[in-house]
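Text of protein30.cif (mmCIF, C-alpha atoms and all ligand atoms) as supplied:
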data_target
loop_
_atom_site.label_atom_id
_atom_site.label_comp_id
_atom_site.auth_asym_id
_atom_site.auth_seq_id
_atom_site.Cartn_x
_atom_site.Cartn_y
_atom_site.Cartn_z
CA MET A 1 184.50 73.30 157.47
CA GLN A 2 182.98 74.33 154.15
CA SER A 3 180.55 71.95 152.54
CA VAL A 4 181.31 69.83 149.50
CA THR A 5 179.11 67.87 147.11
CA ILE A 6 180.43 64.69 145.50
CA ILE A 7 178.56 63.29 142.51
CA ASN A 8 180.15 60.18 141.06
CA PRO A 9 178.90 57.88 138.28
CA GLY A 10 176.17 55.50 139.40
CA LYS A 11 178.59 52.66 138.74
CA LEU A 12 182.36 52.97 138.63
CA VAL A 13 184.42 49.99 137.51
CA PHE A 14 188.20 50.26 137.61
CA GLY A 15 190.61 47.59 136.45
CA GLU A 16 192.09 45.59 133.65
CA ASN A 17 189.38 44.09 131.42
CA SER A 18 186.64 46.28 132.83
CA PHE A 19 185.55 46.86 129.21
CA GLU A 20 184.20 43.30 129.36
CA GLN A 21 182.23 44.31 132.42
CA PHE A 22 180.67 47.12 130.40
CA ILE A 23 179.54 44.59 127.79
CA ALA A 24 178.02 42.36 130.46
CA ASP A 25 176.32 45.27 132.24
CA TYR A 26 174.98 46.74 129.01
CA THR A 27 173.53 43.37 128.00
CA ALA A 28 171.67 43.21 131.29
CA LEU A 29 170.14 46.67 130.80
CA GLY A 30 168.02 45.48 127.87
CA LEU A 31 168.77 48.55 125.73
CA ARG A 32 168.70 48.02 121.95
CA ARG A 33 170.27 50.95 120.08
CA LEU A 34 173.75 52.02 121.18
CA TYR A 35 175.40 55.10 119.70
CA VAL A 36 179.16 54.87 120.21
CA VAL A 37 181.58 57.80 119.91
CA SER A 38 185.06 56.35 119.66
CA ILE A 39 188.51 56.55 118.03
CA PRO A 40 190.12 54.26 115.42
CA PRO A 41 193.14 53.13 117.53
CA VAL A 42 190.94 51.12 119.94
CA ALA A 43 188.63 49.69 117.26
CA ALA A 44 190.31 46.27 117.33
CA GLN A 45 190.29 46.09 121.13
CA ILE A 46 186.58 46.84 121.45
CA ALA A 47 185.40 44.88 118.38
CA ASN A 48 184.83 41.55 120.15
CA GLY A 49 182.83 43.08 122.94
CA LEU A 50 180.63 45.07 120.56
CA ASP A 51 180.10 41.93 118.44
CA LYS A 52 178.80 40.19 121.57
CA LEU A 53 176.21 42.96 121.90
CA ARG A 54 175.23 42.63 118.23
CA GLN A 55 174.73 38.91 118.79
CA GLN A 56 172.26 39.86 121.53
CA GLY A 57 170.32 41.91 119.00
CA VAL A 58 171.76 45.33 119.88
CA SER A 59 172.14 47.75 116.96
CA ILE A 60 175.33 49.76 117.19
CA HIS A 61 176.35 52.91 115.34
CA ILE A 62 180.01 53.87 115.74
CA ASP A 63 181.31 57.36 114.98
CA ASN A 64 185.09 57.78 114.79
CA SER A 65 185.18 61.35 113.51
CA ILE A 66 186.12 63.30 116.64
CA ALA A 67 189.82 64.18 116.54
CA GLY A 68 191.06 66.99 118.75
CA GLU A 69 189.03 69.43 120.79
CA PRO A 70 185.43 69.41 119.56
CA SER A 71 183.46 72.38 118.32
CA PHE A 72 179.72 72.72 118.80
CA SER A 73 179.26 72.11 115.08
CA ASP A 74 181.10 68.77 115.43
CA PHE A 75 178.72 67.99 118.24
CA GLU A 76 175.56 69.02 116.37
CA LYS A 77 176.52 66.77 113.45
CA LEU A 78 176.84 63.75 115.72
CA LEU A 79 173.71 64.64 117.68
CA ALA A 80 171.70 64.65 114.46
CA ALA A 81 173.18 61.27 113.51
CA ALA A 82 172.40 59.82 116.94
CA ARG A 83 168.78 61.04 116.66
CA ASP A 84 168.46 59.63 113.12
CA PHE A 85 169.79 56.33 114.41
CA GLY A 86 167.20 56.35 117.19
CA ALA A 87 169.75 55.80 119.92
CA ASP A 88 168.40 54.71 123.29
CA SER A 89 171.88 54.72 124.85
CA VAL A 90 175.26 56.38 124.30
CA ALA A 91 178.81 55.23 125.03
CA GLY A 92 181.95 57.32 124.74
CA ILE A 93 185.04 55.18 124.24
CA GLY A 94 188.02 57.45 123.71
CA GLY A 95 189.95 60.41 125.06
CA GLY A 96 188.49 63.46 126.74
CA SER A 97 187.15 65.06 123.56
CA VAL A 98 185.27 61.89 122.60
CA LEU A 99 183.84 61.53 126.10
CA ASP A 100 182.74 65.17 126.22
CA VAL A 101 180.88 64.78 122.92
CA ALA A 102 179.27 61.51 124.02
CA LYS A 103 178.16 63.11 127.29
CA LEU A 104 176.43 66.02 125.61
CA ILE A 105 174.81 63.77 122.99
CA ALA A 106 173.29 61.65 125.76
CA VAL A 107 171.76 64.71 127.42
CA GLN A 108 170.60 66.44 124.24
CA ILE A 109 168.99 63.53 122.38
CA LYS A 110 165.76 64.00 124.27
CA ASN A 111 166.29 67.33 125.98
CA THR A 112 163.77 70.09 125.35
CA GLN A 113 166.49 72.70 125.94
CA THR A 114 168.63 73.90 123.04
CA THR A 115 172.39 73.46 123.15
CA ALA A 116 172.79 77.23 123.61
CA GLU A 117 170.54 77.05 126.68
CA VAL A 118 172.59 74.36 128.41
CA ILE A 119 175.98 76.09 128.10
CA GLY A 120 177.32 77.28 131.43
CA ILE A 121 177.11 76.05 134.97
CA ARG A 122 174.05 74.06 136.05
CA ASN A 123 171.83 75.33 133.22
CA LEU A 124 171.21 71.80 132.00
CA LYS A 125 168.04 70.41 133.56
CA GLU A 126 167.86 66.73 132.60
CA ARG A 127 169.29 63.63 130.96
CA ALA A 128 166.93 60.86 129.89
CA THR A 129 169.32 58.64 127.92
CA TYR A 130 171.72 56.05 129.36
CA LEU A 131 175.37 57.12 129.20
CA ALA A 132 178.54 55.09 129.74
CA CYS A 133 182.04 56.56 129.54
CA ILE A 134 185.12 54.43 128.89
CA PRO A 135 188.38 56.40 128.70
CA THR A 136 191.23 55.28 126.46
CA THR A 137 193.72 57.84 127.75
CA SER A 138 194.72 58.59 131.32
CA GLY A 139 194.24 62.30 131.58
CA THR A 140 191.03 64.23 131.37
CA GLY A 141 189.01 62.43 134.01
CA SER A 142 185.97 63.32 131.90
CA GLU A 143 184.52 59.85 132.59
CA VAL A 144 183.74 60.86 136.18
CA SER A 145 183.35 64.63 135.87
CA PRO A 146 180.32 66.89 135.32
CA ASN A 147 182.15 68.87 132.60
CA ALA A 148 182.00 68.88 128.81
CA LEU A 149 184.15 71.44 126.99
CA PHE A 150 183.69 72.74 123.45
CA ILE A 151 185.00 75.43 121.14
CA ASP A 152 182.22 77.91 120.30
CA ASP A 153 181.73 79.87 117.05
CA SER A 154 183.89 82.74 118.29
CA GLY A 155 186.74 80.31 119.00
CA ALA A 156 186.31 80.48 122.78
CA LYS A 157 186.44 77.36 124.91
CA VAL A 158 183.20 77.05 126.84
CA GLY A 159 181.85 74.49 129.21
CA VAL A 160 178.62 72.73 129.86
CA ILE A 161 178.82 71.88 133.54
CA SER A 162 176.08 69.90 135.19
CA PRO A 163 175.59 66.87 137.44
CA PHE A 164 173.56 65.38 134.54
CA LEU A 165 176.81 65.04 132.59
CA VAL A 166 178.18 62.57 135.14
CA PRO A 167 177.58 59.26 133.37
CA ASP A 168 175.46 56.38 134.60
CA ALA A 169 178.53 54.21 134.49
CA ALA A 170 182.27 54.63 133.94
CA TYR A 171 184.60 51.77 133.09
CA ILE A 172 188.28 52.56 133.45
CA ASP A 173 190.25 49.80 131.79
CA PRO A 174 194.01 50.46 131.78
CA ALA A 175 194.37 47.87 129.00
CA LEU A 176 192.67 50.34 126.65
CA THR A 177 195.54 52.79 127.22
CA LEU A 178 198.32 50.36 126.20
CA SER A 179 198.54 51.64 122.64
CA VAL A 180 198.64 55.35 123.51
CA PRO A 181 201.94 56.78 122.17
CA ALA A 182 204.53 58.09 124.63
CA SER A 183 203.99 61.77 123.79
CA ILE A 184 200.24 61.58 124.46
CA THR A 185 200.79 59.41 127.55
CA ALA A 186 203.08 62.16 128.83
CA SER A 187 200.87 65.16 128.10
CA THR A 188 197.64 63.55 129.28
CA GLY A 189 199.43 62.25 132.38
CA ILE A 190 200.66 65.74 133.28
CA ASP A 191 197.11 67.02 132.73
CA ALA A 192 195.83 64.42 135.21
CA LEU A 193 198.55 65.31 137.70
CA THR A 194 197.51 68.94 137.34
CA HIS A 195 193.84 68.15 138.02
CA CYS A 196 194.96 66.67 141.33
CA LEU A 197 197.49 69.40 142.06
CA GLU A 198 195.09 72.27 141.32
CA ALA A 199 192.43 70.62 143.49
CA TYR A 200 194.89 70.34 146.39
CA THR A 201 196.20 73.90 146.06
CA ASN A 202 192.77 75.47 145.61
CA ASN A 203 190.70 78.06 147.46
CA PHE A 204 187.97 75.43 147.72
CA ALA A 205 190.22 72.50 148.65
CA HIS A 206 188.39 70.09 150.90
CA PRO A 207 189.53 67.15 153.08
CA VAL A 208 187.45 64.76 150.95
CA THR A 209 189.27 65.67 147.76
CA ASP A 210 192.61 66.37 149.47
CA LEU A 211 193.01 62.66 150.12
CA ILE A 212 192.58 61.56 146.54
CA ALA A 213 194.24 64.63 145.05
CA LEU A 214 197.49 64.12 146.93
CA GLU A 215 197.46 60.39 146.21
CA GLY A 216 196.84 61.11 142.53
CA VAL A 217 199.84 63.43 142.41
CA ARG A 218 201.97 60.77 144.11
CA LEU A 219 200.87 57.97 141.76
CA ILE A 220 201.37 59.93 138.57
CA ALA A 221 204.74 61.36 139.65
CA ARG A 222 205.88 57.85 140.50
CA TYR A 223 204.60 55.91 137.47
CA LEU A 224 204.24 58.29 134.52
CA GLN A 225 207.85 57.96 133.42
CA ARG A 226 207.52 54.17 133.32
CA ALA A 227 204.31 54.38 131.30
CA CYS A 228 206.06 56.70 128.81
CA ASP A 229 209.21 54.57 128.57
CA ASN A 230 207.32 51.32 128.07
CA GLY A 231 203.70 51.68 127.00
CA ARG A 232 203.11 47.96 127.63
CA ASP A 233 203.97 48.29 131.34
CA MET A 234 200.53 47.37 132.67
CA GLU A 235 201.32 48.20 136.30
CA ALA A 236 202.45 51.71 135.36
CA ARG A 237 199.43 52.14 133.06
CA ALA A 238 197.07 51.06 135.85
CA GLN A 239 198.64 53.36 138.46
CA VAL A 240 198.53 56.35 136.11
CA ALA A 241 194.93 55.51 135.20
CA LEU A 242 194.09 55.45 138.91
CA GLY A 243 195.75 58.84 139.40
CA SER A 244 193.80 60.16 136.43
CA MET A 245 190.53 58.88 137.89
CA TYR A 246 191.35 60.62 141.17
CA GLY A 247 191.99 63.82 139.24
CA GLY A 248 188.65 63.47 137.49
CA MET A 249 186.91 63.00 140.83
CA CYS A 250 188.29 66.36 141.95
CA LEU A 251 186.92 68.22 138.93
CA GLY A 252 183.30 68.22 140.11
CA PRO A 253 183.63 69.22 143.75
CA VAL A 254 186.69 71.53 143.49
CA ASN A 255 187.82 71.90 139.86
CA THR A 256 191.01 73.39 138.46
CA ALA A 257 192.53 76.85 138.66
CA ALA A 258 195.06 79.15 136.99
CA VAL A 259 197.06 76.51 135.09
CA HIS A 260 193.90 75.55 133.23
CA ALA A 261 192.69 79.13 132.78
CA LEU A 262 196.02 80.17 131.27
CA SER A 263 196.18 77.05 129.11
CA TYR A 264 192.93 77.81 127.26
CA PRO A 265 194.31 80.56 124.96
CA LEU A 266 197.13 78.21 123.92
CA GLY A 267 194.58 75.59 122.93
CA VAL A 268 192.01 77.89 121.36
CA THR A 269 194.34 80.27 119.49
CA TYR A 270 197.33 78.05 118.73
CA HIS A 271 195.71 74.61 118.86
CA VAL A 272 198.21 73.31 121.38
CA PRO A 273 196.80 70.00 122.69
CA HIS A 274 195.27 70.45 126.13
CA GLY A 275 197.72 68.32 128.11
CA LEU A 276 200.71 69.88 126.43
CA SER A 277 199.53 73.42 127.15
CA ILE A 278 199.09 72.38 130.78
CA ALA A 279 202.61 70.92 130.96
CA LEU A 280 204.11 74.09 129.50
CA LEU A 281 202.51 76.29 132.17
CA LEU A 282 202.32 74.13 135.30
CA PRO A 283 205.75 74.85 136.84
CA TYR A 284 205.42 78.60 136.32
CA VAL A 285 201.96 78.84 137.83
CA MET A 286 203.26 76.78 140.78
CA GLU A 287 206.13 79.27 141.23
CA PHE A 288 203.57 82.11 141.16
CA ASN A 289 201.21 80.38 143.61
CA LEU A 290 203.82 79.11 146.05
CA PRO A 291 203.98 82.21 148.30
CA ALA A 292 200.19 82.05 148.82
CA ALA A 293 200.17 78.43 150.01
CA PRO A 294 203.66 77.25 150.98
CA GLN A 295 202.48 74.41 153.20
CA ARG A 296 200.22 72.93 150.51
CA HIS A 297 202.95 73.24 147.90
CA ALA A 298 205.35 71.53 150.30
CA GLN A 299 202.93 68.60 150.56
CA ILE A 300 202.87 68.44 146.76
CA GLY A 301 206.68 68.50 146.86
CA LEU A 302 206.73 65.52 149.22
CA ALA A 303 204.20 63.68 147.03
CA VAL A 304 206.45 64.03 143.99
CA GLY A 305 209.54 62.88 145.85
CA ALA A 306 211.14 65.94 147.49
CA ALA A 307 213.27 65.25 150.55
CA PRO A 308 211.41 65.62 153.88
CA GLY A 309 212.69 67.72 156.76
CA GLN A 310 213.28 70.96 154.88
CA PRO A 311 211.44 74.28 155.37
CA ASP A 312 208.18 74.29 153.41
CA ILE A 313 209.46 76.72 150.78
CA ASP A 314 212.49 74.55 150.04
CA THR A 315 210.41 71.36 149.85
CA ALA A 316 207.97 73.09 147.52
CA LEU A 317 210.75 74.47 145.29
CA GLN A 318 212.35 71.04 145.08
CA GLY A 319 208.94 69.64 144.13
CA ILE A 320 208.61 72.18 141.30
CA GLU A 321 212.07 71.20 140.02
CA LEU A 322 211.09 67.51 140.13
CA ILE A 323 207.93 68.26 138.13
CA LYS A 324 210.00 70.19 135.57
CA GLN A 325 212.34 67.21 135.33
CA LEU A 326 209.41 64.81 134.90
CA ILE A 327 207.95 66.95 132.10
CA ARG A 328 211.33 67.04 130.33
CA SER A 329 212.21 63.41 130.85
CA CYS A 330 208.84 62.32 129.45
CA GLY A 331 209.91 64.09 126.27
CA LEU A 332 207.57 67.09 126.39
CA PRO A 333 208.66 70.54 125.23
CA ALA A 334 209.80 72.73 128.11
CA SER A 335 209.15 76.13 126.56
CA LEU A 336 206.52 77.96 124.54
CA ASP A 337 209.40 78.84 122.17
CA GLU A 338 209.58 75.24 121.08
CA LEU A 339 205.99 75.39 119.81
CA ASN A 340 206.59 78.59 117.83
CA ILE A 341 204.09 80.54 119.91
CA PRO A 342 204.74 84.22 119.07
CA PHE A 343 206.21 86.07 122.05
CA ASP A 344 204.15 89.15 121.16
CA SER A 345 200.94 87.15 121.65
CA ILE A 346 201.38 87.23 125.43
CA ASP A 347 199.26 90.30 126.05
CA LYS A 348 196.28 88.91 124.12
CA MET A 349 196.64 85.48 125.75
CA ALA A 350 196.67 87.13 129.19
CA GLU A 351 193.55 89.09 128.27
CA ASP A 352 191.78 85.90 127.14
CA ALA A 353 192.91 83.91 130.19
CA LEU A 354 191.55 86.58 132.56
CA LYS A 355 188.08 85.90 131.13
CA ILE A 356 188.15 82.38 132.63
CA GLN A 357 187.06 83.60 136.06
CA ARG A 358 185.14 80.38 136.74
CA LEU A 359 188.57 78.76 137.22
CA LEU A 360 190.63 81.76 138.35
CA LYS A 361 188.33 82.22 141.35
CA ASN A 362 189.66 78.85 142.56
CA ASN A 363 193.29 79.91 142.41
CA VAL A 364 195.05 80.37 145.76
CA ARG A 365 196.60 83.61 144.58
CA SER A 366 194.56 86.14 142.65
CA VAL A 367 195.82 86.60 139.10
CA THR A 368 195.98 90.06 137.52
CA HIS A 369 196.60 90.75 133.84
CA GLN A 370 200.24 91.57 134.64
CA ASP A 371 200.58 88.34 136.65
CA ALA A 372 199.31 86.33 133.67
CA VAL A 373 201.75 88.18 131.39
CA ASN A 374 204.61 87.33 133.77
CA ILE A 375 203.62 83.65 133.91
CA TYR A 376 203.50 83.39 130.10
CA ARG A 377 206.87 85.17 129.90
CA ALA A 378 208.33 82.68 132.35
CA ALA A 379 207.05 79.84 130.15
CA PHE A 380 209.17 81.18 127.24
CA ASN A 381 212.92 80.84 126.94
CA LYS A 382 213.20 78.20 129.60
CA VAL A 383 215.07 75.63 127.57
CA GLU A 384 217.82 74.20 129.69
CA ALA A 385 220.79 72.34 128.28
FE FE A 401 192.89 69.35 132.18
#

Go ahead and render the structure in this file as structure tokens.
Ligand SMILES: [Fe+2]
Amino acid sequence: MQSVTIINPGKLVFGENSFEQFIADYTALGLRRLYVVSIPPVAAQIANGLDKLRQQGVSIHIDNSIAGEPSFSDFEKLLAAARDFGADSVAGIGGGSVLDVAKLIAVQIKNTQTTAEVIGIRNLKERATYLACIPTTSGTGSEVSPNALFIDDSGAKVGVISPFLVPDAAYIDPALTLSVPASITASTGIDALTHCLEAYTNNFAHPVTDLIALEGVRLIARYLQRACDNGRDMEARAQVALGSMYGGMCLGPVNTAAVHALSYPLGVTYHVPHGLSIALLLPYVMEFNLPAAPQRHAQIGLAVGAAPGQPDIDTALQGIELIKQLIRSCGLPASLDELNIPFDSIDKMAEDALKIQRLLKNNVRSVTHQDAVNIYRAAFNKVEA
């Protein structure tokens, strides 16, 4: 059996009202200057808790400026503000982009390395500042992962990947996701499902992550529709949040594969939101990968509700159809056509995707330029009546 390394947050709190637990825990730490990266939609929900900290004498600076995938210049602006503020602690309270920015601020406030030096895998050497991550969407799993992703000056999506980016504490409070609109619930939910799915059907799949990956697929397939149909359905929100956390836990030890690699050009070049680009490609990458791992894809099929007792290929194909149905019934576009992506951009997107070898090496079937072209082609013109 190959080895695996699991690095989780020092403290992981999951459940409704766990934001209150963050306030209590933070108070006990004795820290005094908290830099918060957040988003306006949760401002009212977190206001009381932050007021409690202020009453304890904690100074809080809140930045709400991160919207969409962050660039390094977005990050540098906030880092300078956090240093000016004299932050002794950082909390990210938002979606994946907010958490990624908060994570890198916490490591860079006191780091002697420049940002350019920490880009890449395991180049970052330290983090001296307390970091808490509190997700407000169920999708990226950034609150438990060692990854922070940014757009660089050339427009490429690059990662800082290091165990030091795993926060000291993560608080996953499904109540903070109640106000997320259906379209974002859907796309982030499919992203989370894909983190689990790509961990399970992965060259580096491991029994430790297989357990949570398959369960994450099952939970999201079962509850995402409910969370989209009725955002106030707390049970559905909690189950999807749990699936998302499981997906995040797979990102460190195993990570994603071709769906994510092929999604990057859609995000970087055409600014398609991450989860949406994932949803548009997932079924077609699964169809491509299926011959390389029929048994694993059959298990995915069973987890999403395919009928048992069929040959693996049939179970897997039924599973892919069920995932297509889920994507459609959650209201997401089913084709790159619907987003006005130019068909003649395929060759360039394939070229860009092939550069993401850090993820493609994980894919159960090796992906050539022509394979990537074929997958993008399949993701066009697939609108069904
Ligand atoms: Fe993702």

Exercise for the section: Find the residues around Val118 (chain A) up to 10 Å (all atoms listed in the file counted), leave out those fewer than 2 positions away in its own chain, and share them as a PyMOL selection string. Expected result: chain A and resi 104+107-108+111+113-116+120-126+159-162

Generate a file of the selected residues that holds C-alpha atoms, formatted as a short mmCIF file (atom, residue, chain, number, x, y, z; two decimals), in the frame of the given file.
data_model
loop_
_atom_site.label_atom_id
_atom_site.label_comp_id
_atom_site.auth_asym_id
_atom_site.auth_seq_id
_atom_site.Cartn_x
_atom_site.Cartn_y
_atom_site.Cartn_z
CA LEU A 104 176.43 66.02 125.61
CA VAL A 107 171.76 64.71 127.42
CA GLN A 108 170.60 66.44 124.24
CA ASN A 111 166.29 67.33 125.98
CA GLN A 113 166.49 72.70 125.94
CA THR A 114 168.63 73.90 123.04
CA THR A 115 172.39 73.46 123.15
CA ALA A 116 172.79 77.23 123.61
CA GLY A 120 177.32 77.28 131.43
CA ILE A 121 177.11 76.05 134.97
CA ARG A 122 174.05 74.06 136.05
CA ASN A 123 171.83 75.33 133.22
CA LEU A 124 171.21 71.80 132.00
CA LYS A 125 168.04 70.41 133.56
CA GLU A 126 167.86 66.73 132.60
CA GLY A 159 181.85 74.49 129.21
CA VAL A 160 178.62 72.73 129.86
CA ILE A 161 178.82 71.88 133.54
CA SER A 162 176.08 69.90 135.19
#

Practice task
Using all atoms listed in the file, determine which residues lie at most 9 Å from region 227-243 of chain A, disregarding the query and same-chain residues fewer than 5 positions distant; provide the list as a ChimeraX atom specification.
Solution key: /A:14-16,137-139,172-175,177-186,189,192-193,196,212-213,215-222,248,330-331

If you take every atom of region 75-93 of chain A that the file lists and fit an axis-aligned box around them with 5 Å extra on each side, what centre and edge lengths come out in Å to one decimal, as lines of an AutoDock Vina configuration file?
center_x = 176.1
center_y = 61.9
center_z = 119.1
size_x = 27.8
size_y = 24.3
size_z = 21.9

Problem - CA of Cys250 (chain A) to CA of Asp210 (chain A), straight-line distance in Å - result: 8.7 Å

Practice task
Could you give me the residues within 10 Å of ligand FE 401 (chain A), counting all atoms listed in the file, as an MDAnalysis selection string?
Solution key: chainID A and resid 96 139:142 187:196 198 247:248 251 255:257 259:261 263:264 274:279

Deliver the residues from the most recent selection as a file, using C-alpha atoms, as an mmCIF file, in the coordinates of the input.
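Saved file result_10.cif follows:
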data_model
loop_
_atom_site.group_PDB
_atom_site.id
_atom_site.type_symbol
_atom_site.label_atom_id
_atom_site.label_comp_id
_atom_site.auth_asym_id
_atom_site.auth_seq_id
_atom_site.Cartn_x
_atom_site.Cartn_y
_atom_site.Cartn_z
ATOM 1 C CA GLY A 96 188.490 63.460 126.740
ATOM 2 C CA GLY A 139 194.240 62.300 131.580
ATOM 3 C CA THR A 140 191.030 64.230 131.370
ATOM 4 C CA GLY A 141 189.010 62.430 134.010
ATOM 5 C CA SER A 142 185.970 63.320 131.900
ATOM 6 C CA SER A 187 200.870 65.160 128.100
ATOM 7 C CA THR A 188 197.640 63.550 129.280
ATOM 8 C CA GLY A 189 199.430 62.250 132.380
ATOM 9 C CA ILE A 190 200.660 65.740 133.280
ATOM 10 C CA ASP A 191 197.110 67.020 132.730
ATOM 11 C CA ALA A 192 195.830 64.420 135.210
ATOM 12 C CA LEU A 193 198.550 65.310 137.700
ATOM 13 C CA THR A 194 197.510 68.940 137.340
ATOM 14 C CA HIS A 195 193.840 68.150 138.020
ATOM 15 C CA CYS A 196 194.960 66.670 141.330
ATOM 16 C CA GLU A 198 195.090 72.270 141.320
ATOM 17 C CA GLY A 247 191.990 63.820 139.240
ATOM 18 C CA GLY A 248 188.650 63.470 137.490
ATOM 19 C CA LEU A 251 186.920 68.220 138.930
ATOM 20 C CA ASN A 255 187.820 71.900 139.860
ATOM 21 C CA THR A 256 191.010 73.390 138.460
ATOM 22 C CA ALA A 257 192.530 76.850 138.660
ATOM 23 C CA VAL A 259 197.060 76.510 135.090
ATOM 24 C CA HIS A 260 193.900 75.550 133.230
ATOM 25 C CA ALA A 261 192.690 79.130 132.780
ATOM 26 C CA SER A 263 196.180 77.050 129.110
ATOM 27 C CA TYR A 264 192.930 77.810 127.260
ATOM 28 C CA HIS A 274 195.270 70.450 126.130
ATOM 29 C CA GLY A 275 197.720 68.320 128.110
ATOM 30 C CA LEU A 276 200.710 69.880 126.430
ATOM 31 C CA SER A 277 199.530 73.420 127.150
ATOM 32 C CA ILE A 278 199.090 72.380 130.780
ATOM 33 C CA ALA A 279 202.610 70.920 130.960
#

Can you rebuild region 194-207 of chain A with N, CA and C atoms and give it as a JSON list (two decimals), in the frame of the given file?
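Output below, filename selection_24.json:
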[["chain", "number", "residue", "atom", "x", "y", "z"],
["A", 194, "THR", "N", 197.89, 67.55, 137.08],
["A", 194, "THR", "CA", 197.51, 68.94, 137.34],
["A", 194, "THR", "C", 196.08, 69.05, 137.88],
["A", 195, "HIS", "N", 195.19, 68.15, 137.43],
["A", 195, "HIS", "CA", 193.84, 68.15, 138.02],
["A", 195, "HIS", "C", 193.94, 67.91, 139.53],
["A", 196, "CYS", "N", 194.78, 66.97, 139.90],
["A", 196, "CYS", "CA", 194.96, 66.67, 141.33],
["A", 196, "CYS", "C", 195.63, 67.84, 142.04],
["A", 197, "LEU", "N", 196.70, 68.34, 141.43],
["A", 197, "LEU", "CA", 197.49, 69.40, 142.06],
["A", 197, "LEU", "C", 196.66, 70.68, 142.24],
["A", 198, "GLU", "N", 195.88, 71.03, 141.22],
["A", 198, "GLU", "CA", 195.09, 72.27, 141.32],
["A", 198, "GLU", "C", 193.90, 72.09, 142.26],
["A", 199, "ALA", "N", 193.48, 70.85, 142.49],
["A", 199, "ALA", "CA", 192.43, 70.62, 143.49],
["A", 199, "ALA", "C", 193.01, 70.75, 144.90],
["A", 200, "TYR", "N", 194.27, 70.31, 145.06],
["A", 200, "TYR", "CA", 194.89, 70.34, 146.39],
["A", 200, "TYR", "C", 195.31, 71.75, 146.78],
["A", 201, "THR", "N", 195.79, 72.52, 145.79],
["A", 201, "THR", "CA", 196.20, 73.90, 146.06],
["A", 201, "THR", "C", 195.12, 74.83, 145.52],
["A", 202, "ASN", "N", 193.97, 74.84, 146.17],
["A", 202, "ASN", "CA", 192.77, 75.47, 145.61],
["A", 202, "ASN", "C", 192.04, 76.20, 146.73],
["A", 203, "ASN", "N", 191.46, 77.34, 146.43],
["A", 203, "ASN", "CA", 190.70, 78.06, 147.46],
["A", 203, "ASN", "C", 189.59, 77.21, 148.05],
["A", 204, "PHE", "N", 189.09, 76.25, 147.26],
["A", 204, "PHE", "CA", 187.97, 75.43, 147.72],
["A", 204, "PHE", "C", 188.41, 74.00, 148.04],
["A", 205, "ALA", "N", 189.71, 73.83, 148.28],
["A", 205, "ALA", "CA", 190.22, 72.50, 148.65],
["A", 205, "ALA", "C", 189.43, 71.97, 149.85],
["A", 206, "HIS", "N", 189.22, 70.68, 149.85],
["A", 206, "HIS", "CA", 188.39, 70.09, 150.90],
["A", 206, "HIS", "C", 189.03, 68.76, 151.34],
["A", 207, "PRO", "N", 188.90, 68.41, 152.63],
["A", 207, "PRO", "CA", 189.53, 67.15, 153.08],
["A", 207, "PRO", "C", 189.13, 65.94, 152.23]]
